[in-house]
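input38.csv (CSV, C-alpha atoms and all ligand atoms)
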chain,number,residue,atom,x,y,z
Q,109,MET,CA,0.0,0.0,0.0
Q,110,ARG,CA,2.7,2.5,1.1
Q,111,LEU,CA,5.0,1.5,-1.7
Q,112,SER,CA,2.4,1.6,-4.5
Q,113,GLN,CA,1.3,5.0,-3.4
Q,114,ARG,CA,4.8,6.3,-3.7
Q,115,ILE,CA,5.3,4.7,-7.1
Q,116,LEU,CA,2.1,6.0,-8.6
Q,117,ARG,CA,2.5,9.7,-8.1
Q,118,THR,CA,5.2,12.3,-8.9
Q,119,PRO,CA,6.8,12.9,-5.5
Q,120,LYS,CA,6.3,16.2,-3.8
Q,121,VAL,CA,9.7,17.2,-2.4
Q,122,LEU,CA,10.9,19.4,0.4
Q,123,ILE,CA,14.6,20.5,0.6
Q,124,THR,CA,15.5,21.9,4.0
Q,125,GLY,CA,18.7,24.1,4.5
Q,126,GLY,CA,18.2,24.7,0.7
Q,127,GLY,CA,19.9,28.1,0.7
Q,128,GLY,CA,23.5,26.7,1.2
Q,129,GLN,CA,26.1,25.3,-1.2
Q,130,LEU,CA,24.2,22.3,-2.3
Q,131,GLY,CA,20.4,23.1,-2.0
Q,132,PRO,CA,19.9,25.4,-5.0
Q,133,GLY,CA,21.6,22.9,-7.4
Q,134,LEU,CA,19.5,20.0,-6.0
Q,135,ALA,CA,16.3,22.0,-6.4
Q,136,ARG,CA,17.3,22.9,-10.0
Q,137,LEU,CA,17.9,19.2,-10.8
Q,138,LEU,CA,14.8,17.9,-9.1
Q,139,ARG,CA,12.6,20.6,-10.6
Q,140,GLU,CA,13.7,19.4,-14.1
Q,141,GLN,CA,12.7,15.9,-13.2
Q,142,TYR,CA,9.5,16.4,-11.1
Q,143,GLY,CA,8.3,19.9,-12.1
Q,144,HIS,CA,8.9,23.3,-10.6
Q,145,GLU,CA,5.8,23.3,-8.4
Q,146,ASN,CA,6.7,19.9,-6.9
Q,147,VAL,CA,9.9,21.0,-5.3
Q,148,VAL,CA,9.8,23.3,-2.2
Q,149,LEU,CA,13.0,24.9,-1.3
Q,150,SER,CA,13.4,26.1,2.3
Q,151,ASP,CA,15.9,27.6,4.7
Q,152,VAL,CA,16.1,29.9,7.7
Q,153,ARG,CA,17.9,32.7,5.8
Q,154,LYS,CA,16.4,34.9,3.1
Q,155,PRO,CA,16.5,33.6,-0.4
Q,156,ASN,CA,20.1,34.2,-1.7
Q,157,ASN,CA,20.1,32.3,-5.0
Q,158,PRO,CA,18.2,32.4,-8.3
Q,159,GLU,CA,16.6,28.9,-7.7
Q,160,ALA,CA,14.6,30.3,-4.8
Q,161,TYR,CA,12.5,32.3,-7.3
Q,162,ASN,CA,12.0,29.4,-9.8
Q,163,GLY,CA,9.5,27.6,-7.6
Q,164,PRO,CA,8.0,27.4,-4.1
Q,165,TRP,CA,10.2,28.9,-1.3
Q,166,LYS,CA,9.4,28.6,2.4
Q,167,TYR,CA,10.9,29.5,5.8
Q,168,ALA,CA,11.6,26.2,7.6
Q,169,ASP,CA,13.7,25.8,10.8
Q,170,VAL,CA,14.5,22.1,11.3
Q,171,THR,CA,14.7,22.6,15.0
Q,172,ASP,CA,11.0,23.5,15.0
Q,173,TYR,CA,9.0,20.3,14.7
Q,174,LYS,CA,5.6,21.9,14.4
Q,175,GLY,CA,6.7,24.4,11.8
Q,176,LEU,CA,8.1,21.7,9.7
Q,177,GLU,CA,5.0,19.5,10.2
Q,178,GLN,CA,2.8,22.4,9.0
Q,179,ILE,CA,4.8,22.7,5.7
Q,180,ILE,CA,4.9,18.9,5.2
Q,181,VAL,CA,1.1,18.6,5.7
Q,182,GLU,CA,0.1,21.8,3.8
Q,183,GLN,CA,2.4,21.1,0.9
Q,184,ASP,CA,1.5,17.3,0.9
Q,185,ILE,CA,5.2,16.4,1.0
Q,186,ASP,CA,6.4,12.8,0.1
Q,187,TRP,CA,10.2,13.2,0.1
Q,188,VAL,CA,12.5,15.3,2.3
Q,189,PHE,CA,16.1,16.1,1.5
Q,190,ASN,CA,17.5,17.5,4.8
Q,191,PHE,CA,20.4,19.7,3.9
Q,192,ALA,CA,20.2,21.9,7.0
Q,193,ALA,CA,23.5,21.6,8.8
Q,194,LEU,CA,26.4,23.4,10.4
Q,195,LEU,CA,29.5,22.2,8.7
Q,196,SER,CA,32.7,21.0,10.4
Q,197,ALA,CA,34.6,24.2,11.1
Q,198,VAL,CA,31.4,26.1,12.2
Q,199,SER,CA,30.4,23.2,14.4
Q,200,GLU,CA,33.7,23.4,16.3
Q,201,ALA,CA,33.0,27.1,16.9
Q,202,MET,CA,29.4,26.7,17.9
Q,203,PRO,CA,28.9,23.1,19.2
Q,204,GLU,CA,25.6,23.7,21.0
Q,205,LEU,CA,23.9,25.2,18.0
Q,206,ALA,CA,25.5,22.6,15.8
Q,207,TYR,CA,24.1,19.8,18.0
Q,208,ASN,CA,20.6,21.3,17.9
Q,209,VAL,CA,20.6,21.6,14.1
Q,210,ASN,CA,22.7,18.5,13.1
Q,211,VAL,CA,21.2,16.1,15.6
Q,212,GLY,CA,17.9,17.7,16.8
Q,213,GLY,CA,16.9,18.8,13.4
Q,214,CYS,CA,17.5,15.4,11.9
Q,215,LYS,CA,15.6,13.7,14.7
Q,216,ASN,CA,12.6,16.0,13.9
Q,217,ILE,CA,12.8,15.0,10.3
Q,218,LEU,CA,13.0,11.3,11.1
Q,219,ASP,CA,10.0,11.5,13.5
Q,220,LEU,CA,8.0,13.4,10.9
Q,221,ALA,CA,8.9,10.7,8.4
Q,222,LYS,CA,7.6,8.1,10.7
Q,223,VAL,CA,4.3,10.0,11.3
Q,224,HIS,CA,3.7,11.2,7.7
Q,225,ASN,CA,5.2,8.2,5.8
Q,226,LEU,CA,8.0,10.2,4.1
Q,227,ARG,CA,11.1,9.0,2.2
Q,228,VAL,CA,14.0,10.9,3.8
Q,229,PHE,CA,17.5,11.7,2.6
Q,230,ILE,CA,20.0,13.0,5.1
Q,231,PRO,CA,23.6,13.4,3.8
Q,232,SER,CA,26.6,12.3,5.9
Q,233,THR,CA,30.3,13.0,5.2
Q,234,ILE,CA,33.8,11.7,5.0
Q,235,GLY,CA,33.9,13.4,8.5
Q,236,ALA,CA,31.9,10.5,9.9
Q,237,TYR,CA,35.1,8.6,10.2
Q,238,GLY,CA,37.9,9.2,12.7
Q,239,PRO,CA,41.7,8.9,12.6
Q,240,ALA,CA,41.8,5.1,13.0
Q,241,SER,CA,40.0,4.5,9.7
Q,242,LYS,CA,42.6,6.0,7.4
Q,243,LEU,CA,45.3,4.0,9.1
Q,244,THR,CA,43.4,0.7,8.9
Q,245,HIS,CA,42.2,1.4,5.3
Q,246,PRO,CA,44.9,3.6,3.5
Q,247,ASP,CA,43.5,2.5,0.1
Q,248,GLY,CA,39.9,3.5,0.9
Q,249,VAL,CA,37.7,3.5,3.9
Q,250,PRO,CA,34.7,1.2,3.4
Q,251,ASP,CA,31.0,1.7,4.3
Q,252,ILE,CA,31.3,-0.3,7.4
Q,253,ASP,CA,34.1,0.6,9.7
Q,254,ILE,CA,34.6,1.8,13.3
Q,255,GLN,CA,33.6,5.4,13.4
Q,256,ARG,CA,35.4,7.1,16.3
Q,257,CYS,CA,35.2,10.7,15.2
Q,258,THR,CA,37.1,13.6,16.8
Q,259,SER,CA,35.0,16.5,15.4
Q,260,PHE,CA,31.6,17.6,16.7
Q,261,TYR,CA,30.3,17.5,13.2
Q,262,GLY,CA,31.5,13.9,12.7
Q,263,VAL,CA,29.9,12.8,16.0
Q,264,HIS,CA,26.6,14.3,15.0
Q,265,LYS,CA,26.6,12.6,11.6
Q,266,VAL,CA,27.5,9.2,13.0
Q,267,PHE,CA,24.6,9.5,15.5
Q,268,VAL,CA,22.1,10.4,12.7
Q,269,GLU,CA,23.4,7.6,10.4
Q,270,ASN,CA,22.6,5.1,13.2
Q,271,LEU,CA,19.4,6.7,14.2
Q,272,GLY,CA,18.1,6.7,10.6
Q,273,GLU,CA,19.0,3.1,10.1
Q,274,ASN,CA,17.3,2.2,13.4
Q,275,TYR,CA,14.1,4.1,12.3
Q,276,LEU,CA,14.3,1.9,9.2
Q,277,ARG,CA,14.5,-1.3,11.2
Q,278,LYS,CA,12.1,-0.5,14.0
Q,279,PHE,CA,9.5,1.8,12.2
Q,280,GLY,CA,10.0,1.1,8.5
Q,281,VAL,CA,11.1,4.7,7.8
Q,282,ASP,CA,12.6,4.9,4.3
Q,283,PHE,CA,15.8,6.6,5.4
Q,284,ARG,CA,18.6,7.1,2.9
Q,285,CYS,CA,22.1,8.5,3.4
Q,286,LEU,CA,25.2,9.1,1.3
Q,287,ARG,CA,28.5,10.0,2.8
Q,288,TYR,CA,29.7,12.9,0.6
Q,289,PRO,CA,33.4,13.9,0.0
Q,290,GLY,CA,34.2,17.6,0.0
Q,291,ILE,CA,32.0,19.2,-2.6
Q,292,ILE,CA,33.3,21.7,-5.2
Q,293,SER,CA,31.0,24.2,-6.9
Q,294,ALA,CA,31.4,27.4,-8.9
Q,295,ASP,CA,28.0,29.1,-8.4
Q,296,THR,CA,27.3,28.7,-4.7
Q,297,GLU,CA,29.5,29.4,-1.7
Q,298,PRO,CA,30.8,26.7,0.6
Q,299,GLY,CA,29.3,27.0,4.1
Q,300,GLY,CA,32.2,26.8,6.6
Q,301,GLY,CA,33.8,23.4,6.2
Q,302,THR,CA,37.3,22.0,6.2
Q,303,THR,CA,37.3,21.4,2.4
Q,304,ASP,CA,36.3,25.0,1.5
Q,305,TYR,CA,39.8,25.8,0.3
Q,306,ALA,CA,39.2,23.7,-2.8
Q,307,VAL,CA,36.6,26.3,-4.0
Q,308,ASP,CA,38.4,29.4,-2.7
Q,309,ILE,CA,41.7,28.4,-4.5
Q,310,TYR,CA,40.1,28.5,-7.9
Q,311,LYS,CA,38.4,31.9,-7.2
Q,312,LYS,CA,41.8,33.5,-6.4
Q,313,ALA,CA,43.5,31.9,-9.4
Q,314,VAL,CA,40.8,33.2,-11.8
Q,315,LYS,CA,41.1,36.7,-10.3
Q,316,GLY,CA,44.8,36.6,-11.0
Q,317,GLU,CA,45.6,36.6,-7.3
Q,318,ASN,CA,47.7,34.2,-5.2
Q,319,TYR,CA,46.2,32.0,-2.5
Q,320,THR,CA,47.1,31.4,1.2
Q,321,CYS,CA,46.0,27.9,2.1
Q,322,TYR,CA,44.9,26.9,5.6
Q,323,LEU,CA,45.7,23.2,5.1
Q,324,LYS,CA,49.1,21.7,4.6
Q,325,PRO,CA,50.1,20.9,1.0
Q,326,ASP,CA,49.9,17.2,1.5
Q,327,SER,CA,46.5,17.1,3.2
Q,328,THR,CA,44.8,14.6,0.9
Q,329,LEU,CA,41.0,14.3,1.2
Q,330,PRO,CA,38.2,12.8,-1.0
Q,331,MET,CA,36.6,15.4,-3.2
Q,332,MET,CA,33.8,15.6,-5.7
Q,333,HIS,CA,32.3,18.0,-8.3
Q,334,VAL,CA,28.9,19.2,-7.3
Q,335,ASP,CA,27.1,17.8,-10.4
Q,336,ASP,CA,28.3,14.3,-9.5
Q,337,CYS,CA,27.2,14.7,-5.9
Q,338,LEU,CA,23.7,16.0,-6.8
Q,339,ARG,CA,23.2,13.4,-9.6
Q,340,ALA,CA,24.2,10.6,-7.1
Q,341,THR,CA,21.7,12.0,-4.6
Q,342,ALA,CA,18.8,12.1,-7.1
Q,343,GLU,CA,19.6,8.7,-8.5
Q,344,PHE,CA,19.9,7.1,-5.0
Q,345,MET,CA,16.6,8.6,-3.9
Q,346,LYS,CA,14.9,7.1,-6.9
Q,347,ALA,CA,16.3,3.6,-6.3
Q,348,SER,CA,13.5,1.2,-5.3
Q,349,GLU,CA,13.1,0.4,-1.7
Q,350,GLU,CA,13.1,-3.3,-2.6
Q,351,LEU,CA,16.5,-3.1,-4.3
Q,352,LEU,CA,18.1,-1.3,-1.3
Q,353,ASN,CA,16.5,-3.7,1.2
Q,354,ILE,CA,17.5,-6.9,-0.7
Q,355,ALA,CA,21.1,-5.6,-1.4
Q,356,ARG,CA,22.0,-4.6,2.1
Q,357,PRO,CA,19.1,-5.2,4.6
Q,358,GLY,CA,19.0,-2.6,7.3
Q,359,ASN,CA,21.9,-0.7,5.8
Q,360,ARG,CA,21.2,2.7,4.1
Q,361,CYS,CA,24.5,4.6,4.4
Q,362,TYR,CA,26.7,4.5,1.3
Q,363,ASN,CA,30.1,6.1,0.6
Q,364,ILE,CA,30.4,7.9,-2.7
Q,365,SER,CA,33.8,8.9,-4.2
Q,366,ALA,CA,35.2,10.5,-7.2
Q,367,MET,CA,38.8,11.9,-6.7
Q,368,CYS,CA,41.3,12.4,-3.9
Q,369,PHE,CA,43.6,15.4,-3.9
Q,370,ASN,CA,45.5,17.8,-1.7
Q,371,PRO,CA,46.3,21.5,-2.0
Q,372,ALA,CA,49.6,20.8,-3.8
Q,373,LEU,CA,47.9,18.7,-6.4
Q,374,VAL,CA,45.2,21.4,-7.0
Q,375,HIS,CA,47.9,24.0,-7.3
Q,376,ASP,CA,49.7,21.9,-9.9
Q,377,SER,CA,46.4,21.4,-11.8
Q,378,ILE,CA,45.7,25.2,-11.8
Q,379,LYS,CA,49.2,26.0,-12.9
Q,380,THR,CA,48.7,24.1,-16.2
Q,381,HIS,CA,46.3,27.0,-17.0
Q,382,PHE,CA,47.8,29.8,-14.9
Q,383,PRO,CA,51.6,29.1,-14.7
Q,384,GLN,CA,52.2,32.2,-12.5
Q,385,PHE,CA,49.7,31.2,-9.8
Q,386,GLN,CA,51.4,30.9,-6.4
Q,387,VAL,CA,50.1,29.2,-3.2
Q,388,ASP,CA,51.6,29.8,0.3
Q,389,TYR,CA,50.5,28.2,3.5
Q,390,LYS,CA,49.3,29.6,6.8
Q,391,ILE,CA,47.9,26.6,8.7
Q,392,ASP,CA,44.7,26.9,10.7
Q,393,PRO,CA,45.1,24.4,13.6
Q,394,VAL,CA,41.4,23.7,13.9
Q,395,ARG,CA,40.7,22.8,10.3
Q,396,GLN,CA,44.1,21.0,10.0
Q,397,ALA,CA,43.3,18.8,13.0
Q,398,ILE,CA,39.9,18.0,11.4
Q,399,ALA,CA,41.5,17.2,8.0
Q,400,ASP,CA,44.1,15.0,9.7
Q,401,SER,CA,41.4,12.9,11.3
Q,402,TRP,CA,39.5,12.2,8.1
Q,403,PRO,CA,40.0,9.5,5.4
Q,404,ARG,CA,42.3,10.3,2.6
Q,405,ARG,CA,40.5,7.9,0.3
Q,406,PHE,CA,37.0,6.5,0.2
Q,407,ASP,CA,35.9,3.0,-0.9
Q,408,ASP,CA,32.5,3.3,-2.6
Q,409,ARG,CA,32.2,-0.1,-4.3
Q,410,ASN,CA,28.9,-0.8,-2.6
Q,411,ALA,CA,27.2,2.2,-4.2
Q,412,ARG,CA,28.7,1.3,-7.6
Q,413,GLU,CA,27.5,-2.3,-7.3
Q,414,VAL,CA,24.1,-1.9,-5.7
Q,415,TRP,CA,22.6,1.1,-7.4
Q,416,GLY,CA,25.0,1.9,-10.2
Q,417,TRP,CA,26.8,5.0,-8.9
Q,418,ASP,CA,29.6,6.4,-11.1
Q,419,HIS,CA,31.4,9.7,-11.2
Q,420,GLU,CA,32.2,11.9,-14.2
Q,421,TYR,CA,34.7,14.5,-13.0
Q,422,ASP,CA,38.4,13.9,-12.2
Q,423,LEU,CA,40.8,16.7,-11.1
Q,424,GLY,CA,41.7,17.8,-14.6
Q,425,ARG,CA,38.1,18.2,-15.7
Q,426,LEU,CA,37.1,19.8,-12.4
Q,427,THR,CA,39.8,22.4,-12.9
Q,428,GLU,CA,38.7,23.3,-16.4
Q,429,TYR,CA,35.1,23.5,-15.2
Q,430,MET,CA,35.9,25.8,-12.3
Q,431,ILE,CA,38.0,28.1,-14.4
Q,432,GLN,CA,35.4,28.3,-17.1
Q,433,ASN,CA,32.5,28.8,-14.7
Q,434,LEU,CA,34.3,31.4,-12.6
Q,435,GLY,CA,34.8,33.5,-15.7
Q,436,GLY,CA,38.4,32.6,-16.5
Q,437,SER,CA,40.0,31.0,-19.6
Q,438,THR,CA,41.6,27.6,-19.7
Q,439,ALA,CA,45.0,27.0,-21.3
Q,440,THR,CA,43.3,25.6,-24.5
Q,441,GLU,CA,40.9,28.6,-24.7
Q,442,SER,CA,43.8,31.1,-24.2
Q,443,LYS,CA,45.8,29.4,-26.9
Q,444,LYS,CA,42.9,29.5,-29.4
Q,445,ALA,CA,42.3,33.2,-28.6
Q,446,SER,CA,45.9,34.0,-29.3
Q,447,LEU,CA,45.9,32.4,-32.8
B,1,LIG,N1,29.3,20.8,1.0
B,1,LIG,C1,30.1,19.8,1.3
B,1,LIG,O1,31.3,19.7,1.0
B,1,LIG,C2,29.4,18.6,2.0
B,1,LIG,C3,30.2,17.5,2.2
B,1,LIG,C4,29.7,16.4,3.0
B,1,LIG,C5,28.4,16.5,3.5
B,1,LIG,N2,27.7,17.7,3.3
B,1,LIG,C6,26.3,17.7,3.8
B,1,LIG,O2,25.4,18.2,2.8
B,1,LIG,C7,24.4,19.0,3.5
B,1,LIG,C8,24.3,20.3,2.8
B,1,LIG,O3,25.6,20.9,2.9
B,1,LIG,P1,25.9,22.4,2.3
B,1,LIG,O4,27.3,22.4,1.9
B,1,LIG,O5,24.8,22.9,1.4
B,1,LIG,O6,25.8,23.2,3.7
B,1,LIG,P2,25.7,24.8,3.9
B,1,LIG,O7,26.4,25.1,5.2
B,1,LIG,O8,26.2,25.5,2.7
B,1,LIG,O9,24.2,25.0,4.0
B,1,LIG,C9,23.4,24.6,5.1
B,1,LIG,C10,22.2,25.5,5.2
B,1,LIG,O10,21.5,25.1,6.4
B,1,LIG,C11,20.8,26.2,6.8
B,1,LIG,N3,20.4,26.1,8.2
B,1,LIG,C12,21.2,26.3,9.3
B,1,LIG,N4,20.4,26.1,10.4
B,1,LIG,C13,19.2,25.8,10.0
B,1,LIG,C14,18.0,25.4,10.7
B,1,LIG,N5,17.9,25.5,12.0
B,1,LIG,N6,16.9,25.1,9.9
B,1,LIG,C15,17.0,25.1,8.6
B,1,LIG,N7,18.1,25.4,7.9
B,1,LIG,C16,19.2,25.7,8.6
B,1,LIG,C17,21.8,27.4,6.6
B,1,LIG,O11,21.2,28.6,6.6
B,1,LIG,C18,22.4,27.0,5.3
B,1,LIG,O12,21.8,27.6,4.2
B,1,LIG,C19,24.8,19.0,4.9
B,1,LIG,O13,24.1,18.0,5.6
B,1,LIG,C20,26.2,18.7,5.0
B,1,LIG,O14,26.7,18.2,6.2
B,1,LIG,C21,28.2,18.7,2.6
B,2,LIG,C1,33.4,17.3,4.0
B,2,LIG,C2,32.2,18.1,4.4
B,2,LIG,O1,31.4,17.4,5.3
B,2,LIG,C3,32.3,19.6,4.5
B,2,LIG,N1,32.7,20.2,3.3
B,2,LIG,C4,33.2,20.1,5.6
B,2,LIG,O2,34.3,20.3,5.3
B,2,LIG,O3,32.7,20.2,6.7

As a first step, turn the structure in this file into structure tokens.
Amino acid sequence: MRLSQRILRTPKVLITGGGGQLGPGLARLLREQYGHENVVLSDVRKPNNPEAYNGPWKYADVTDYKGLEQIIVEQDIDWVFNFAALLSAVSEAMPELAYNVNVGGCKNILDLAKVHNLRVFIPSTIGAYGPASKLTHPDGVPDIDIQRCTSFYGVHKVFVENLGENYLRKFGVDFRCLRYPGIISADTEPGGGTTDYAVDIYKKAVKGENYTCYLKPDSTLPMMHVDDCLRATAEFMKASEELLNIARPGNRCYNISAMCFNPALVHDSIKTHFPQFQVDYKIDPVRQAIADSWPRRFDDRNAREVWGWDHEYDLGRLTEYMIQNLGGSTATESKKASL
């Protein structure tokens, strides 16, 4: 009964925390697939992106259960993508608020999913693993590993991964979760994470300025182009409940991976287009400690085998994309222009 209802109609979607780095792009993608009126974008801050004006926009605070419930009922929501969060560096600076949003907000969403029969997507992160994982699995941390995190953000995410899977087992809530790498986008700002340097470095290069990096040159982390991340999210959310239940019963948290790099490698990649571009280093101890505790590589073979995940962007393609979309010219374009 529940399943057939979900299959028969176009889902009505709510994106919470939708005014950040990832929400606007997800809304754009889902509106192309399900129709503009069927995707409600929401946040606690005023609309700050063009997508907010391309369809319904609501104020929604994930720590306010009743307020969320009102939107879910009035808008007849079927699927929720909960993007509301405080990222790793901000969570270290504001741990109480971070707990309320990252844990309390997700608990509200899961409770509402139980009451109103929702499919729920809550992203997790490479930050859901602690220092032991990268030592035990230097070639790629797998989906199932000991998760002893040393950042508040990581601790919150691990709790929500486990709570979501327990709501699946005990109450049948259709909870889904992908552990994202650091995400790189050209048209939206990163929200205060440890991986933000990988966006900022391109902005400086395109402006013709040098960059001072807060992570060490060899701090390797898993990274991903935003289009790969959002496509994975949309595809995973569409995968049938039967497929996911049969493949890995009770288990709904998948790693996804595309590339791994560090500041020195991005610098080299940018220099193939801007040979004069310089990077120096002024280490931020808080973000460096977080980066040091995270996996350098991610093993995402379950996502690839079970529901067909694959990435499109590697570092070379990412660099070309960032330069073009931030208004610069790649080496090939500059060469053509000079002929
Ligand atoms: N961007 C990445 O590199 C990355 C990597 C791994 C996981 N993730 C996860 O993806 C999700 C989206 O990340 P993002 O980069 O867009 O984050 P972001 O920080 O850019 O945006 C988060 C949004 O949440 C909103 N918000 C804060 N408190 C809220 C509240 N009480 N109620 C509703 N909204 C609230 C903020 O206003 C902000 O617009 C998060 O769960 C994050 O942990 C992101
Ligand atoms: C990796 C991810 O969770 C986020 N970009 C952060 O650095 O906090």

6 Å from ligand LIG 2 (chain B) is the threshold here; counting only C-alpha atoms and all ligand atoms, which polymer residues fall inside it? Answer as a PyMOL selection string. chain Q and resi 195-196+233-235+289-290+301-303

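In terms of minimum interatomic distance to ligand LIG 1 (chain B), Q:Met332 ranks closest within Q:Met367, Q:Met332, Q:Ala340, Q:Leu423, counting all atoms listed in the file.
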
Contacts to ligand LIG 1 (chain B) at 7 Å cut-off (only C-alpha atoms and all ligand atoms) as a VMD selection string: chain Q and resid 124 to 131 151 to 153 168 to 171 190 to 195 209 213 230 to 234 287 to 292 297 to 301 303

Distance CA of Arg339 (chain Q)-CA of Gly416 (chain Q), one decimal place?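 Separation of CA of Arg339 (chain Q) and CA of Gly416 (chain Q): 11.7 Å.
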
Can you pull out the residues contacting Pro371 (chain Q)? Cut-off 6 Å, using all atoms listed in the file, and skip same-chain residues under 2 positions away; I want them as a list of chain:residue names.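 Residues near the query, excluding close chain neighbours: Q:Pro325, Q:Leu373, Q:Val374.
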
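Residues in contact with Trp402 (chain Q) at up to 7 Å, not including ones fewer than 2 positions away on its chain and judged by all atoms listed in the file, are Ile234, Gly235, Tyr237, Gly238, Pro239, Lys242, Ile398, Ala399, Asp400 and Arg404 of chain Q.
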
Selected residue of minimal separation from Asp326 (chain Q) among Q:Leu286, Q:Phe369, Q:Ala306, Q:Glu349, counting only C-alpha atoms: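 Ranking Q:Leu286, Q:Phe369, Q:Ala306, Q:Glu349 by distance to Asp326 (chain Q), first place goes to Q:Phe369.
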
Which of these residues is nearest to Gly435 (chain Q), using only C-alpha atoms: Q:Asp295, Q:Glu413, Q:Glu420, Q:Asp376?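 Comparing Q:Asp295, Q:Glu413, Q:Glu420, Q:Asp376 against Gly435 (chain Q), the winner is Q:Asp295.
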
Between CA of Val314 (chain Q) and CA of Leu434 (chain Q), what is the distance in Å, rounded to a tenth?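 Separating CA of Val314 (chain Q) from CA of Leu434 (chain Q) is a distance of 6.8 Å.
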
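CA of Val268 (chain Q) lies 23.0 Å from CA of Gln178 (chain Q).
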